[in-house]
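What follows is the content of upload_15.csv, which has CSV, C-alpha atoms:
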chain,number,residue,atom,x,y,z
H,174,MET,CA,42.5,112.8,31.9
H,175,VAL,CA,41.6,110.3,34.7
H,176,LYS,CA,40.6,107.7,32.1
H,177,ARG,CA,43.9,108.2,30.3
H,178,ILE,CA,45.9,107.7,33.5
H,179,ALA,CA,43.8,104.7,34.4
H,180,ALA,CA,44.4,103.2,31.0
H,181,SER,CA,48.1,103.8,31.2
H,182,LEU,CA,48.3,102.2,34.6
H,183,LEU,CA,46.3,99.2,33.4
H,184,CYS,CA,48.7,98.8,30.4
H,185,LEU,CA,51.7,99.0,32.8
H,186,VAL,CA,50.1,96.3,35.1
H,187,LEU,CA,49.4,94.1,32.1
H,188,ILE,CA,53.0,94.5,30.9
H,189,VAL,CA,54.4,93.6,34.4
H,190,VAL,CA,52.1,90.6,34.7
H,191,GLY,CA,53.0,89.5,31.3
H,192,ILE,CA,56.8,89.7,32.0
H,193,ILE,CA,56.3,87.8,35.3
H,194,GLY,CA,54.1,85.1,33.5
H,195,LEU,CA,56.5,84.7,30.7
H,196,GLY,CA,59.4,84.4,33.1
H,197,HIS,CA,57.6,81.6,34.9
H,198,ILE,CA,56.8,79.8,31.6
H,199,THR,CA,60.4,80.0,30.3
H,200,ARG,CA,62.0,79.1,33.7
H,201,PRO,CA,64.3,76.0,34.0
H,202,THR,CA,61.7,73.4,35.0
H,203,GLY,CA,64.4,71.2,36.4
H,204,ASP,CA,64.5,73.6,39.3
H,205,ASP,CA,60.9,72.9,40.2
H,206,VAL,CA,61.8,70.0,42.4
H,207,ALA,CA,64.4,72.1,44.3
H,208,ILE,CA,61.9,74.9,44.8
H,209,ALA,CA,59.3,72.4,46.1
H,210,GLY,CA,61.9,71.2,48.6
H,211,ILE,CA,62.6,74.8,49.8
H,212,ASN,CA,58.9,75.5,50.1
H,213,ALA,CA,58.3,72.4,52.1
H,214,PHE,CA,61.0,73.3,54.6
H,215,HIS,CA,59.3,76.7,55.1
H,216,ALA,CA,56.0,75.0,55.7
H,217,LEU,CA,57.4,73.3,58.8
H,218,PRO,CA,56.2,74.5,62.2
H,219,GLU,CA,58.7,76.8,63.8
H,220,ASN,CA,61.4,75.2,66.0
H,221,SER,CA,60.2,71.7,65.3
H,222,VAL,CA,63.4,70.1,64.1
H,223,ASP,CA,66.3,68.8,66.2
H,224,VAL,CA,68.8,67.9,63.4
H,225,ILE,CA,69.1,69.6,60.0
H,226,VAL,CA,71.1,68.1,57.2
H,227,TYR,CA,72.7,70.6,54.8
H,228,GLY,CA,74.5,70.3,51.5
H,229,SER,CA,74.4,69.3,47.9
H,230,SER,CA,72.7,66.3,46.3
H,231,HIS,CA,75.3,64.2,48.2
H,232,ALA,CA,73.2,65.2,51.2
H,233,TRP,CA,69.8,65.6,49.6
H,234,ARG,CA,69.8,62.1,47.9
H,235,ASN,CA,72.0,60.3,50.4
H,236,VAL,CA,70.5,60.8,53.8
H,237,ASN,CA,67.0,59.2,54.4
H,238,VAL,CA,66.3,61.1,57.6
H,239,ASN,CA,63.1,59.2,58.3
H,240,ALA,CA,65.3,56.2,59.2
H,241,MET,CA,66.8,58.3,62.0
H,242,TYR,CA,63.4,58.7,63.4
H,243,ASP,CA,62.4,55.1,62.9
H,244,ASN,CA,65.5,53.7,64.6
H,245,TYR,CA,66.5,56.4,67.1
H,246,GLY,CA,63.5,58.8,67.4
H,247,ILE,CA,65.6,61.7,66.0
H,248,ALA,CA,63.5,64.6,64.6
H,249,ALA,CA,65.7,65.3,61.6
H,250,TYR,CA,65.0,67.2,58.3
H,251,ASN,CA,67.1,67.1,55.1
H,252,TYR,CA,67.5,70.7,53.8
H,253,GLY,CA,69.9,69.8,51.0
H,254,CYS,CA,69.4,70.6,47.3
H,255,ASN,CA,70.9,69.9,43.9
H,256,TRP,CA,74.4,71.1,43.0
H,257,GLN,CA,75.0,73.5,45.9
H,258,HIS,CA,78.4,75.1,45.8
H,259,TRP,CA,79.6,76.0,49.3
H,260,ASN,CA,78.1,79.6,49.4
H,261,THR,CA,74.7,78.2,48.5
H,262,THR,CA,74.9,75.8,51.4
H,263,TRP,CA,75.9,78.8,53.5
H,264,LEU,CA,72.7,80.5,52.4
H,265,PHE,CA,70.5,77.5,53.2
H,266,PHE,CA,72.1,77.3,56.6
H,267,HIS,CA,71.3,80.9,57.5
H,268,ASP,CA,67.9,80.6,56.0
H,269,SER,CA,67.0,77.6,58.1
H,270,LEU,CA,67.8,79.5,61.3
H,271,ARG,CA,65.1,82.0,60.6
H,272,THR,CA,62.5,79.5,61.6
H,273,GLN,CA,64.3,76.6,63.3
H,274,SER,CA,66.6,76.1,66.3
H,275,PRO,CA,68.3,72.8,65.7
H,276,LYS,CA,70.4,71.0,68.3
H,277,VAL,CA,72.7,69.6,65.6
H,278,ALA,CA,73.8,70.9,62.1
H,279,LEU,CA,74.8,67.9,60.0
H,280,ILE,CA,76.7,69.4,57.1
H,281,GLU,CA,77.8,67.5,53.9
H,282,THR,CA,81.1,68.8,52.5
H,283,PHE,CA,81.6,67.7,48.9
H,284,HIS,CA,81.6,71.3,47.5
H,285,VAL,CA,83.4,72.8,50.5
H,286,ASN,CA,86.0,74.5,48.3
H,287,SER,CA,83.7,75.3,45.3
H,288,ASN,CA,81.7,78.6,45.2
H,289,LEU,CA,79.7,80.7,42.9
H,290,PHE,CA,81.5,84.0,42.5
H,291,ASP,CA,81.3,86.5,39.6
H,292,THR,CA,78.9,84.4,37.5
H,293,ASP,CA,75.8,84.7,35.4
H,294,MET,CA,72.4,83.4,36.5
H,295,ASP,CA,72.2,79.6,36.5
H,296,GLY,CA,69.8,77.0,37.8
H,297,GLU,CA,71.4,76.8,41.3
H,298,ILE,CA,71.1,80.5,41.8
H,299,TYR,CA,67.6,80.6,40.3
H,300,TYR,CA,66.2,78.1,42.8
H,301,THR,CA,67.2,80.3,45.7
H,302,THR,CA,64.4,82.7,44.5
H,303,ALA,CA,62.2,80.5,46.7
H,304,ILE,CA,64.2,81.6,49.8
H,305,PRO,CA,62.8,84.7,51.5
H,306,GLU,CA,64.7,87.9,51.3
H,307,SER,CA,67.3,88.5,54.0
H,308,SER,CA,70.7,90.1,54.6
H,309,TYR,CA,72.3,86.7,54.0
H,310,LYS,CA,70.5,86.3,50.7
H,311,GLN,CA,71.7,89.7,49.6
H,312,GLN,CA,75.3,88.8,50.6
H,313,TYR,CA,74.9,85.5,48.6
H,314,LEU,CA,73.7,87.4,45.5
H,315,ASP,CA,76.6,89.9,45.9
H,316,MET,CA,79.0,86.9,45.9
H,317,CYS,CA,77.4,85.5,42.8
H,318,PHE,CA,76.8,88.6,40.7
H,319,GLU,CA,79.5,91.0,42.1
H,320,GLY,CA,77.5,94.2,41.3
H,321,ASP,CA,76.5,93.4,37.7
H,322,ILE,CA,73.1,94.9,37.4
H,323,SER,CA,72.1,92.7,34.4
H,324,ARG,CA,72.7,89.6,36.6
H,325,TYR,CA,70.4,91.0,39.3
H,326,LEU,CA,67.7,91.7,36.7
H,327,SER,CA,67.9,88.1,35.5
H,328,TYR,CA,67.4,87.0,39.1
H,329,TYR,CA,64.4,89.2,39.9
H,330,ILE,CA,63.0,89.1,36.3
H,331,PRO,CA,63.8,85.6,35.1
H,332,LEU,CA,62.6,86.3,31.6
H,333,VAL,CA,65.9,88.3,31.1
H,334,ALA,CA,67.9,85.1,31.7
H,335,TYR,CA,65.6,82.5,30.2
H,336,HIS,CA,63.8,84.2,27.3
H,337,GLU,CA,65.6,81.9,24.8
H,338,ASN,CA,63.9,78.9,26.4
H,339,LYS,CA,60.7,80.0,24.6
H,340,THR,CA,61.7,77.7,21.7
H,341,GLU,CA,62.1,74.7,23.9
H,342,LEU,CA,58.9,74.7,25.9
H,343,THR,CA,57.3,71.5,27.2
H,344,ALA,CA,54.1,70.8,29.0
H,345,ASP,CA,56.0,71.1,32.3
H,346,ASN,CA,56.5,74.8,31.6
H,347,PHE,CA,52.8,75.5,31.9
H,348,THR,CA,52.3,73.7,35.2
H,349,ASP,CA,53.0,74.8,38.8
H,350,THR,CA,55.7,72.1,39.3
H,351,SER,CA,57.0,68.9,37.8
H,352,ASN,CA,57.9,67.6,41.3
H,353,THR,CA,56.3,64.3,42.4
H,354,VAL,CA,58.0,64.0,45.8
H,355,ASP,CA,56.1,64.9,49.0
H,356,PHE,CA,59.0,66.5,50.8
H,357,LEU,CA,57.0,67.0,54.0
H,358,ASP,CA,56.5,63.2,54.0
H,359,THR,CA,60.2,62.4,53.2
H,360,LYS,CA,61.3,65.2,55.5
H,361,GLY,CA,63.2,66.8,52.7
H,362,PHE,CA,65.0,63.7,51.5
H,363,TYR,CA,65.0,63.2,47.7
H,364,PRO,CA,64.8,59.4,47.1
H,365,ARG,CA,66.2,57.6,44.1
H,366,ASP,CA,65.6,54.0,43.0
H,367,GLY,CA,67.8,51.8,40.8
H,368,GLU,CA,71.1,50.1,41.2
H,369,PHE,CA,74.5,51.1,39.8
H,370,VAL,CA,77.8,49.1,40.4
H,371,ALA,CA,80.1,51.9,41.7
H,372,ASP,CA,83.9,51.9,41.8
H,373,VAL,CA,84.6,53.7,45.0
H,374,LYS,CA,88.2,54.8,45.2
H,375,ASP,CA,90.6,54.3,48.1
H,376,TRP,CA,90.4,57.6,49.9
H,377,THR,CA,93.8,57.1,51.7
H,378,GLN,CA,95.5,57.1,48.3
H,379,MET,CA,94.0,60.3,47.0
H,380,GLU,CA,95.9,63.5,46.7
H,381,LYS,CA,95.5,65.9,49.7
H,382,TRP,CA,93.8,69.2,48.7
H,383,VAL,CA,93.6,72.4,50.8
H,384,ILE,CA,90.6,74.7,51.4
H,385,GLY,CA,90.7,78.2,50.1
H,386,GLU,CA,90.4,81.4,52.2
H,387,ARG,CA,86.9,82.4,51.0
H,388,SER,CA,85.5,78.9,51.8
H,389,LEU,CA,87.3,79.0,55.1
H,390,ALA,CA,85.6,82.3,55.9
H,391,MET,CA,82.2,80.8,55.3
H,392,LEU,CA,83.1,77.7,57.3
H,393,ASP,CA,84.1,80.0,60.2
H,394,ASP,CA,80.9,81.9,59.9
H,395,ILE,CA,78.8,78.7,60.0
H,396,VAL,CA,80.7,77.3,63.0
H,397,ASN,CA,80.8,80.5,64.9
H,398,THR,CA,77.1,81.0,64.4
H,399,CYS,CA,76.4,77.4,65.7
H,400,HIS,CA,78.6,77.9,68.7
H,401,GLU,CA,76.9,81.2,69.5
H,402,GLN,CA,73.5,79.5,69.3
H,403,GLY,CA,74.4,76.3,71.1
H,404,ILE,CA,74.2,74.1,67.9
H,405,GLU,CA,76.5,71.1,67.6
H,406,VAL,CA,78.3,70.8,64.2
H,407,VAL,CA,78.9,67.5,62.5
H,408,PHE,CA,80.6,67.6,59.1
H,409,PHE,CA,80.4,64.5,56.8
H,410,THR,CA,81.5,63.3,53.4
H,411,ALA,CA,79.4,60.9,51.5
H,412,PRO,CA,81.1,58.2,49.3
H,413,TRP,CA,81.0,58.2,45.6
H,414,SER,CA,83.0,56.7,42.7
H,415,THR,CA,85.4,59.4,41.5
H,416,GLU,CA,88.4,61.1,43.0
H,417,GLU,CA,87.0,64.7,42.8
H,418,PHE,CA,86.6,65.2,46.6
H,419,GLN,CA,90.0,65.2,48.3
H,420,TYR,CA,89.6,67.3,51.4
H,421,PHE,CA,89.4,64.5,53.9
H,422,ASP,CA,92.5,65.6,55.9
H,423,ALA,CA,91.7,69.3,55.5
H,424,MET,CA,88.2,68.7,56.9
H,425,GLN,CA,89.4,66.5,59.8
H,426,GLN,CA,92.0,69.2,60.7
H,427,TYR,CA,89.4,71.9,60.5
H,428,ALA,CA,86.9,70.0,62.7
H,429,ASP,CA,89.6,69.2,65.3
H,430,GLU,CA,90.7,72.8,65.5
H,431,HIS,CA,87.1,74.2,65.8
H,432,GLY,CA,85.5,71.8,68.2
H,433,CYS,CA,83.4,70.0,65.6
H,434,ALA,CA,83.0,66.4,64.5
H,435,TYR,CA,83.9,65.0,61.0
H,436,ILE,CA,82.7,61.7,59.6
H,437,ASN,CA,84.3,60.5,56.5
H,438,MET,CA,81.9,57.9,55.1
H,439,PHE,CA,84.4,56.6,52.6
H,440,GLU,CA,86.2,55.3,55.7
H,441,HIS,CA,83.0,53.9,57.3
H,442,MET,CA,81.2,52.3,54.3
H,443,ALA,CA,81.8,48.8,55.6
H,444,ASP,CA,80.7,49.8,59.2
H,445,ALA,CA,77.5,51.3,57.7
H,446,GLY,CA,76.9,48.2,55.5
H,447,ILE,CA,77.0,50.3,52.3
H,448,SER,CA,77.8,48.2,49.3
H,449,GLN,CA,79.2,49.6,46.1
H,450,GLU,CA,77.5,46.8,44.2
H,451,THR,CA,73.9,47.4,45.4
H,452,ASP,CA,73.6,50.7,47.3
H,453,PHE,CA,74.3,53.2,44.5
H,454,CYS,CA,71.9,54.5,41.9
H,455,ASP,CA,74.6,56.2,39.8
H,456,PRO,CA,78.3,57.1,40.1
H,457,HIS,CA,77.5,60.0,42.4
H,458,HIS,CA,74.5,59.0,44.6
H,459,LEU,CA,73.1,56.3,46.8
H,460,ASN,CA,69.8,54.7,46.2
H,461,ILE,CA,67.1,54.4,48.9
H,462,SER,CA,68.8,51.4,50.4
H,463,GLY,CA,72.1,53.1,50.6
H,464,ALA,CA,70.6,56.4,51.9
H,465,THR,CA,68.8,54.5,54.6
H,466,LYS,CA,72.1,52.8,55.7
H,467,MET,CA,73.8,56.2,55.7
H,468,ALA,CA,71.1,57.7,57.8
H,469,ASN,CA,71.3,54.7,60.2
H,470,TYR,CA,75.0,55.1,60.7
H,471,LEU,CA,74.8,58.9,61.1
H,472,GLY,CA,71.8,58.6,63.4
H,473,ALA,CA,73.6,56.1,65.7
H,474,TYR,CA,76.5,58.6,65.9
H,475,LEU,CA,74.2,61.5,66.8
H,476,LYS,CA,72.3,59.5,69.4
H,477,GLU,CA,75.5,58.4,71.1
H,478,HIS,CA,77.2,61.8,71.2
H,479,TYR,CA,74.4,64.3,71.6
H,480,ASN,CA,71.4,64.7,73.9
H,481,LEU,CA,68.6,64.3,71.4
H,482,PRO,CA,65.1,63.4,72.6
H,483,ASP,CA,63.3,60.3,71.4
H,484,TRP,CA,60.3,61.7,69.5
H,485,ARG,CA,58.7,58.2,69.1
H,486,THR,CA,57.4,58.7,72.7
H,487,VAL,CA,55.4,61.8,71.6
H,488,PRO,CA,52.1,61.0,70.0
H,489,GLY,CA,51.1,63.1,67.0
H,490,ASN,CA,54.7,64.2,66.1
H,491,LEU,CA,55.6,65.2,62.6
H,492,TRP,CA,57.5,62.0,61.8
H,493,GLU,CA,55.3,59.2,63.1
H,494,ASN,CA,53.1,58.8,60.0
H,495,HIS,CA,55.6,59.1,57.2
H,496,ALA,CA,55.3,56.6,54.3
Will you turn the file into structure tokens for me?
Amino acid sequence: MVKRIAASLLCLVLIVVGIIGLGHITRPTGDDVAIAGINAFHALPENSVDVIVYGSSHAWRNVNVNAMYDNYGIAAYNYGCNWQHWNTTWLFFHDSLRTQSPKVALIETFHVNSNLFDTDMDGEIYYTTAIPESSYKQQYLDMCFEGDISRYLSYYIPLVAYHENKTELTADNFTDTSNTVDFLDTKGFYPRDGEFVADVKDWTQMEKWVIGERSLAMLDDIVNTCHEQGIEVVFFTAPWSTEEFQYFDAMQQYADEHGCAYINMFEHMADAGISQETDFCDPHHLNISGATKMANYLGAYLKEHYNLPDWRTVPGNLWENHA
């Protein structure tokens, strides 16, 4: 009897291990870089960062935070990620406060009125598996899955969602990660090379859009949390060459009403020296040159308006030996 029970338990363990292993093999490997970025953030010493950048790839690829250190001594970290609808940024924000106590939250707003509600598993939701469990993560999954058990199963047992990928496996599926960026060295920033001649629109001529109630509720939660914890809030919008973001006036009004700052980088491209001919890598993102100019402009604003220490005077700090 004992041997039979032991054999049954062993079979169960092998089945579970097999399901987990196959789920990893069939995962969307494009998320590996995002997961590596999340893991790097959690490897930081606690309470070591003064400024955290949040947002979609318009933050992740567009703000070279090491330039803030080089020019102003600011201890900044870029905790952005690909795609990031607003409720995913909300989750990243709350996750970051588990281990860090920033003086400034620098929040990119491209997807401020776009959220994941009542949806099946996708890559953006999948990469949050790297974020530790918390009440905020459960709220986020409730927003995304709205009580659908099969969707929860696909999150915690990825093979459910990605079993069809078995016919499209590559060598990357059998490695730990396809990521080649040392995010602890770049302090979370995801650099891109190349040049693309962008056609940046005149933001003053764009239609004015409003922000919906569910996004406003999450905005309020972020701002209220920051105010309670003594964190300054600076919203910003990065430039790019379409007319999809049209919340400039709405964000300015919200910031004014809630004691926050808002920086519209469409308006300040010339001030920052960002060229649409040489500082973009594609229609959506800046290259390293543009991301450095963006960080320099934002860093100058932060240094002027907030009491941030100059970490260049502290030997052995986390930023001094970056590449």
(request) For stretch 302-307 of chain H, list every protein, DNA or RNA residue within 8 Å, evaluated using all atoms listed in the file, and leave out those in the same chain fewer than 3 positions away; present the list as a ChimeraX atom specification. (result) /H:208,211-212,268,298-299,310-311,328-329
(message) If we draw a sphere of 10 Å around (93.8, 67.5, 50.8), which residues have at least one atom in it when counting all atoms listed in the file? Please report them as a ChimeraX atom specification.
(response) /H:379-384,418-424
(message) When you look at stretch 465-472 of chain H with a cut-off of 7 Å (counting all atoms listed in the file), what residues show up, excluding the ones that are within fewer than 5 positions of it in the same chain? I need them as a ChimeraX atom specification.
(response) /H:235-238,240-241,245,445-447
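In this comparison, which uses only C-alpha atoms, the residue of H:Asn239, H:Ser327, H:Ser448, H:Ser221 approaching H:Asp293 most closely is H:Ser327.
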(message) Using only C-alpha atoms for the distances, tell me which of H:Met442, H:Ala473, H:Val370, H:Met391 is nearest to H:Pro456.
(response) H:Val370
(message) I'd like to know which of H:Leu264, H:Ile330, H:Leu357, H:Val224 is closest to H:Met294, using all atoms listed in the file.
(response)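 Looking at the shortest contact to H:Met294, the residue is H:Ile330.
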(message) Using all atoms listed in the file, can you tell me which of H:Asp223, H:Asp321, H:Glu450, H:Glu430 comes closest to H:Ile404?
(response)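 Among H:Asp223, H:Asp321, H:Glu450, H:Glu430, it is H:Asp223 that comes nearest to H:Ile404.
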(message) Would you pick out the contacts of H:Arg485 at 12 Å or less, using all atoms listed in the file, so that residues sharing its chain but fewer than 4 positions from it are not included, and give the list as JSON, numbers by chain?
(response) {"H": [239, 241, 242, 243, 244, 245, 246, 247, 248, 481, 489, 490, 491, 492, 493, 494]}
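Between H:Glu219 and the residues H:Met316, H:Ala390, H:Val206, H:Leu270, the shortest atom-to-atom distance, using all atoms listed in the file, involves H:Leu270.
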(request) For atom CA of H:Tyr252 and atom CA of H:Pro275, determine how far apart the two atoms are, in Å to one decimal place. (result)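 Computing it gives 12.1 Å between the two atoms.
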(request) Go through H:Phe453, H:Tyr427, H:Phe283, H:Phe266 one by one, measure the shortest atom-to-atom distance of each to H:Ala411 using all atoms listed in the file, and give the residue with the smallest value. (result)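 So, comparing all the options, the nearest one is H:Phe283.
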(request) Go ahead and compute the interatomic distance for atom CA of H:Gly367 and atom CA of H:Cys454, in Å to one decimal. (result)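 These atoms are spaced 5.0 Å apart.
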(request) Quote the spacing between atom CA of H:Asn288 and atom CA of H:Leu475 in Å to one decimal place. (result)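 A separation of 28.6 Å between them.
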(request) Can you pull out every residue within 7 Å of H:Asn251, counting only C-alpha atoms, but drop anything in the same chain fewer than 5 positions away, and send it as a PyMOL selection string? (result) chain H and resi 225-227+233+238+360-362
(request) Within 12 Å of H:Gln449, counting all atoms listed in the file, which residues show up once you throw out same-chain ones fewer than 4 positions away? Write them as a PyMOL selection string, please. (result) chain H and resi 368-374+412-414+439+442-443+445+453-460+462-463
Around (74.0, 68.4, 52.4), as given in the file, which residues come within 8 Å? Count only C-alpha atoms and list them as a PDB file with C-alpha atoms, in the frame of the given file.
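In the end it all went to part-v4.pdb:
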ATOM      1  CA  VAL H 226      71.100  68.100  57.200  1.00  0.00           C
ATOM      2  CA  TYR H 227      72.700  70.600  54.800  1.00  0.00           C
ATOM      3  CA  GLY H 228      74.500  70.300  51.500  1.00  0.00           C
ATOM      4  CA  SER H 229      74.400  69.300  47.900  1.00  0.00           C
ATOM      5  CA  SER H 230      72.700  66.300  46.300  1.00  0.00           C
ATOM      6  CA  HIS H 231      75.300  64.200  48.200  1.00  0.00           C
ATOM      7  CA  ALA H 232      73.200  65.200  51.200  1.00  0.00           C
ATOM      8  CA  TRP H 233      69.800  65.600  49.600  1.00  0.00           C
ATOM      9  CA  ASN H 251      67.100  67.100  55.100  1.00  0.00           C
ATOM     10  CA  TYR H 252      67.500  70.700  53.800  1.00  0.00           C
ATOM     11  CA  GLY H 253      69.900  69.800  51.000  1.00  0.00           C
ATOM     12  CA  CYS H 254      69.400  70.600  47.300  1.00  0.00           C
ATOM     13  CA  THR H 262      74.900  75.800  51.400  1.00  0.00           C
ATOM     14  CA  LEU H 279      74.800  67.900  60.000  1.00  0.00           C
ATOM     15  CA  ILE H 280      76.700  69.400  57.100  1.00  0.00           C
ATOM     16  CA  GLU H 281      77.800  67.500  53.900  1.00  0.00           C
ATOM     17  CA  THR H 282      81.100  68.800  52.500  1.00  0.00           C
TER      18      THR H 282
END
